[in-house]
Amino acid sequence: MIPSLFLAHGSPMLAIEDTPYTAFLEQLGQQWKPKAIVIFTAHWESEVLTISTHDQVYETIYDFGGFPDALYEVVYPAKGSSQLANQLAERFKQAGIETRTDTTRGLDHGSWTLLHRMYPAADIPVVQISVHPYLAAEAQYKIGQALQGLGDEDILIIGSGVTVHNLRLLNWGQKEPEAWAVAFDDWLLDKVEHGDLPSLFAYDQLAPYARQAVPRAEHFVPFFIAMGSGSSKPQVIHRSYDLGTLSYLSMAF
């Protein structure tokens, strides 16, 4: 069985930098060899859940600016899987969740930077799915629940985002995390460990420093999707920080 994962994608530089976190991603890719990957990315937003549905090689999207030339030379030529995409759409339909299909969009950096480190051969089919950041946390969890059991079929589900993501509060060059960023993640992990879903769904009202950690929810909702889709005991698989406030907390569900 392959667990569902929530992985922090942080800076696009993780595609070319060698850090403890990128080493972790490389080791993670060696741990599981799925037959397909389903990835919800914070960098594709839509009001209706949209599923990449094709069998061609994805374009690599460089949806960022001001980075070294070497980053724009990275290509991740994974193929899609229309068969799996259609199966996912049927699961969502049965759960009463509306979906759309997309046959043209490439992989954004919320997807390919992680996958480039985990599975550099790009030989595993990928289905990329959008997020709706304005849905309630409970609704995000239910999106994940519609995909429960896929890990038993050797399909890896990844929620790609960040728990603490506030670009205005980054401290360039600072390696030690700010106490408030740690406090938010600590609260989150405590509620996950105790299975306190009501509190988790009300994180924006109950969690300490929620407004600083999650000024906008697009990077946080993949956490709830991954959690909802999992079928094993939650486990922290990596935790570190960069730039003072950027969390690389990653979990298996």
# chains A, B, ... in the order shown; residues from 1 in each chain; ligands from 1
>>> residues_around(residues="A:Phe220", least_positions_apart="2", cutoff="8 Å", atoms="only C-alpha atoms", output="compact mmCIF listing (two decimals) with C-alpha atoms, in the first residue's frame")
# COMPACT_ATOMS: atom_id res chain seq x y z
CA ALA A 42 -1.53 24.87 -5.29
CA GLY A 161 1.46 22.93 -1.04
CA VAL A 162 2.92 24.49 2.11
CA THR A 163 1.49 24.71 5.63
CA VAL A 164 3.16 28.04 6.49
CA VAL A 214 -2.20 31.03 5.81
CA ALA A 217 -5.53 29.12 1.44
CA GLU A 218 -4.35 27.84 -1.96
CA PRO A 222 -3.72 20.30 -0.52
CA PHE A 223 -3.01 19.28 3.09
CA PHE A 224 -6.70 18.52 3.69
>>> closest_atom_pairs(of="stretch 134-197 of chain A", to="stretch 240-246 of chain A", cutoff="6 Å", atoms="only C-alpha atoms", output="JSON lines")
{"residue": "A:Val164", "atom": "CA", "partner": "A:Leu246", "partner_atom": "CA", "distance": 5.8}
{"residue": "A:His165", "atom": "CA", "partner": "A:Leu246", "partner_atom": "CA", "distance": 5.8}
{"residue": "A:Leu170", "atom": "CA", "partner": "A:Leu243", "partner_atom": "CA", "distance": 5.5}
{"residue": "A:Asn171", "atom": "CA", "partner": "A:Leu243", "partner_atom": "CA", "distance": 4.8}
{"residue": "A:Trp172", "atom": "CA", "partner": "A:Leu243", "partner_atom": "CA", "distance": 5.1}
{"residue": "A:Gly173", "atom": "CA", "partner": "A:Leu243", "partner_atom": "CA", "distance": 5.8}
{"residue": "A:Gln174", "atom": "CA", "partner": "A:Leu243", "partner_atom": "CA", "distance": 4.8}
{"residue": "A:Lys175", "atom": "CA", "partner": "A:Asp242", "partner_atom": "CA", "distance": 5.3}
{"residue": "A:Glu176", "atom": "CA", "partner": "A:Gly244", "partner_atom": "CA", "distance": 5.7}
{"residue": "A:Pro177", "atom": "CA", "partner": "A:Gly244", "partner_atom": "CA", "distance": 4.3}
{"residue": "A:Glu178", "atom": "CA", "partner": "A:Gly244", "partner_atom": "CA", "distance": 5.4}
{"residue": "A:Ala181", "atom": "CA", "partner": "A:Thr245", "partner_atom": "CA", "distance": 5.7}
>>> write_last_selection(atoms="all heavy atoms", output="compact mmCIF listing (two decimals), in the first residue's frame")
# COMPACT_ATOMS: atom_id res chain seq x y z
N VAL A 164 2.90 26.64 6.15
CA VAL A 164 3.16 28.04 6.49
C VAL A 164 3.76 28.71 5.26
O VAL A 164 4.89 28.43 4.87
CB VAL A 164 4.12 28.18 7.69
CG1 VAL A 164 4.34 29.65 8.03
CG2 VAL A 164 3.58 27.43 8.90
N HIS A 165 2.96 29.58 4.62
CA HIS A 165 3.36 30.16 3.33
C HIS A 165 2.91 31.61 3.28
O HIS A 165 1.76 31.90 2.95
CB HIS A 165 2.74 29.36 2.20
CG HIS A 165 3.11 29.83 0.83
ND1 HIS A 165 2.38 30.78 0.14
CD2 HIS A 165 4.14 29.49 0.01
CE1 HIS A 165 2.93 30.99 -1.05
NE2 HIS A 165 4.01 30.23 -1.15
N LEU A 170 8.73 36.37 4.71
CA LEU A 170 9.99 35.64 4.57
C LEU A 170 11.15 36.51 5.05
O LEU A 170 11.16 37.72 4.85
CB LEU A 170 10.22 35.25 3.11
CG LEU A 170 9.22 34.28 2.48
CD1 LEU A 170 9.59 34.03 1.02
CD2 LEU A 170 9.15 32.97 3.24
N ASN A 171 12.12 35.86 5.68
CA ASN A 171 13.32 36.55 6.15
C ASN A 171 14.52 35.98 5.41
O ASN A 171 15.03 34.92 5.78
CB ASN A 171 13.48 36.38 7.66
CG ASN A 171 12.33 37.00 8.44
OD1 ASN A 171 11.87 38.09 8.11
ND2 ASN A 171 11.87 36.31 9.46
N TRP A 172 14.94 36.66 4.36
CA TRP A 172 15.98 36.13 3.47
C TRP A 172 17.28 35.89 4.23
O TRP A 172 17.76 36.75 4.97
CB TRP A 172 16.19 37.08 2.30
CG TRP A 172 14.94 37.22 1.50
CD1 TRP A 172 14.00 38.21 1.58
CD2 TRP A 172 14.45 36.29 0.53
NE1 TRP A 172 12.97 37.97 0.72
CE2 TRP A 172 13.20 36.80 0.06
CE3 TRP A 172 14.93 35.08 0.01
CZ2 TRP A 172 12.44 36.13 -0.90
CZ3 TRP A 172 14.17 34.43 -0.96
CH2 TRP A 172 12.95 34.95 -1.40
N GLY A 173 17.82 34.70 4.05
CA GLY A 173 19.07 34.33 4.69
C GLY A 173 18.92 33.75 6.07
O GLY A 173 19.89 33.23 6.63
N GLN A 174 17.71 33.79 6.64
CA GLN A 174 17.50 33.27 7.99
C GLN A 174 17.20 31.78 7.93
O GLN A 174 16.28 31.35 7.26
CB GLN A 174 16.34 34.01 8.67
CG GLN A 174 16.07 33.53 10.09
CD GLN A 174 14.98 34.34 10.79
OE1 GLN A 174 14.86 35.55 10.56
NE2 GLN A 174 14.20 33.70 11.63
N LYS A 175 17.97 31.00 8.65
CA LYS A 175 17.78 29.55 8.68
C LYS A 175 16.95 29.10 9.88
O LYS A 175 16.24 28.09 9.79
CB LYS A 175 19.14 28.85 8.70
CG LYS A 175 19.95 29.06 7.42
CD LYS A 175 19.21 28.56 6.20
CE LYS A 175 20.00 28.75 4.91
NZ LYS A 175 19.24 28.29 3.72
N GLU A 176 17.05 29.80 11.00
CA GLU A 176 16.26 29.43 12.17
C GLU A 176 14.81 29.86 11.98
O GLU A 176 14.54 30.98 11.57
CB GLU A 176 16.83 30.08 13.43
CG GLU A 176 18.17 29.51 13.85
CD GLU A 176 18.07 28.04 14.21
OE1 GLU A 176 17.10 27.66 14.88
OE2 GLU A 176 18.96 27.27 13.79
N PRO A 177 13.85 28.97 12.27
CA PRO A 177 12.44 29.32 12.06
C PRO A 177 11.93 30.30 13.10
O PRO A 177 12.36 30.29 14.27
CB PRO A 177 11.72 27.98 12.17
CG PRO A 177 12.59 27.16 13.07
CD PRO A 177 14.00 27.57 12.74
N GLU A 178 11.01 31.13 12.70
CA GLU A 178 10.31 32.01 13.62
C GLU A 178 9.40 31.17 14.53
O GLU A 178 8.78 30.20 14.08
CB GLU A 178 9.48 33.04 12.86
CG GLU A 178 10.29 34.04 12.05
CD GLU A 178 11.00 35.06 12.93
OE1 GLU A 178 10.57 35.25 14.09
OE2 GLU A 178 11.98 35.67 12.45
N ALA A 181 5.78 30.47 13.33
CA ALA A 181 5.61 29.48 12.28
C ALA A 181 5.65 28.06 12.85
O ALA A 181 4.85 27.19 12.47
CB ALA A 181 6.70 29.65 11.22
>>> residues_around(residues="A:Leu147", least_positions_apart="5", cutoff="9 Å", atoms="only C-alpha atoms", output="list in words")
Leu88, Arg91, Phe92, Ile157, Gly228, Ser229 and Gly230 of chain A
>>> write_last_selection(atoms="N, CA and C atoms", output="PDB file, in the first residue's frame")
ATOM      1  N   LEU A  88     -10.847   8.843 -12.086  1.00  0.00           N
ATOM      2  CA  LEU A  88     -10.947   9.830 -11.015  1.00  0.00           C
ATOM      3  C   LEU A  88     -12.223  10.645 -11.162  1.00  0.00           C
ATOM      4  N   ARG A  91     -15.101   8.708  -9.871  1.00  0.00           N
ATOM      5  CA  ARG A  91     -15.117   8.692  -8.403  1.00  0.00           C
ATOM      6  C   ARG A  91     -15.682   9.992  -7.845  1.00  0.00           C
ATOM      7  N   PHE A  92     -15.241  11.110  -8.404  1.00  0.00           N
ATOM      8  CA  PHE A  92     -15.745  12.403  -7.940  1.00  0.00           C
ATOM      9  C   PHE A  92     -17.246  12.533  -8.219  1.00  0.00           C
ATOM     10  N   ILE A 157      -1.048   9.491  -4.371  1.00  0.00           N
ATOM     11  CA  ILE A 157      -1.718  10.784  -4.318  1.00  0.00           C
ATOM     12  C   ILE A 157      -0.830  11.762  -3.564  1.00  0.00           C
ATOM     13  N   GLY A 228      -7.547  13.591   3.634  1.00  0.00           N
ATOM     14  CA  GLY A 228      -8.805  12.909   3.360  1.00  0.00           C
ATOM     15  C   GLY A 228      -8.640  11.659   2.529  1.00  0.00           C
ATOM     16  N   SER A 229      -7.633  11.646   1.671  1.00  0.00           N
ATOM     17  CA  SER A 229      -7.442  10.507   0.767  1.00  0.00           C
ATOM     18  C   SER A 229      -6.662   9.372   1.395  1.00  0.00           C
ATOM     19  N   GLY A 230      -6.047   9.610   2.545  1.00  0.00           N
ATOM     20  CA  GLY A 230      -5.193   8.610   3.161  1.00  0.00           C
ATOM     21  C   GLY A 230      -5.968   7.537   3.896  1.00  0.00           C
TER      22      GLY A 230
END
>>> select_by_dssp(residues="stretch 4-249 of chain A", states="strand (DSSP E)", output="ChimeraX atom specification")
/A:5-8,36-45,49-52,99-102,126-131,155-161,235-238,241-242,246-247
>>> atom_distance(atom1="atom CA of A:Leu5", atom2="atom CA of A:Leu49")
19.2 Å
>>> closest_residue(among="A:Leu25, A:Val221, A:Val182, A:Ile61", to="A:Gly110", atoms="only C-alpha atoms")
A:Ile61
>>> closest_residue(among="A:Leu107, A:Leu197, A:Met251, A:Met1", to="A:Val126", atoms="only C-alpha atoms")
A:Leu107
>>> residues_around(residues="A:Gln56", least_positions_apart="4", cutoff="10 Å", atoms="only C-alpha atoms", output="NGL selection string")
:A and (77-82 or 103-104 or 125)
>>> residues_around(residues="A:Thr50", least_positions_apart="5", cutoff="12 Å", atoms="only C-alpha atoms", output="PyMOL selection string")
chain A and resi 39-41+44-45+85-86+88-89+92+97-105+127-132
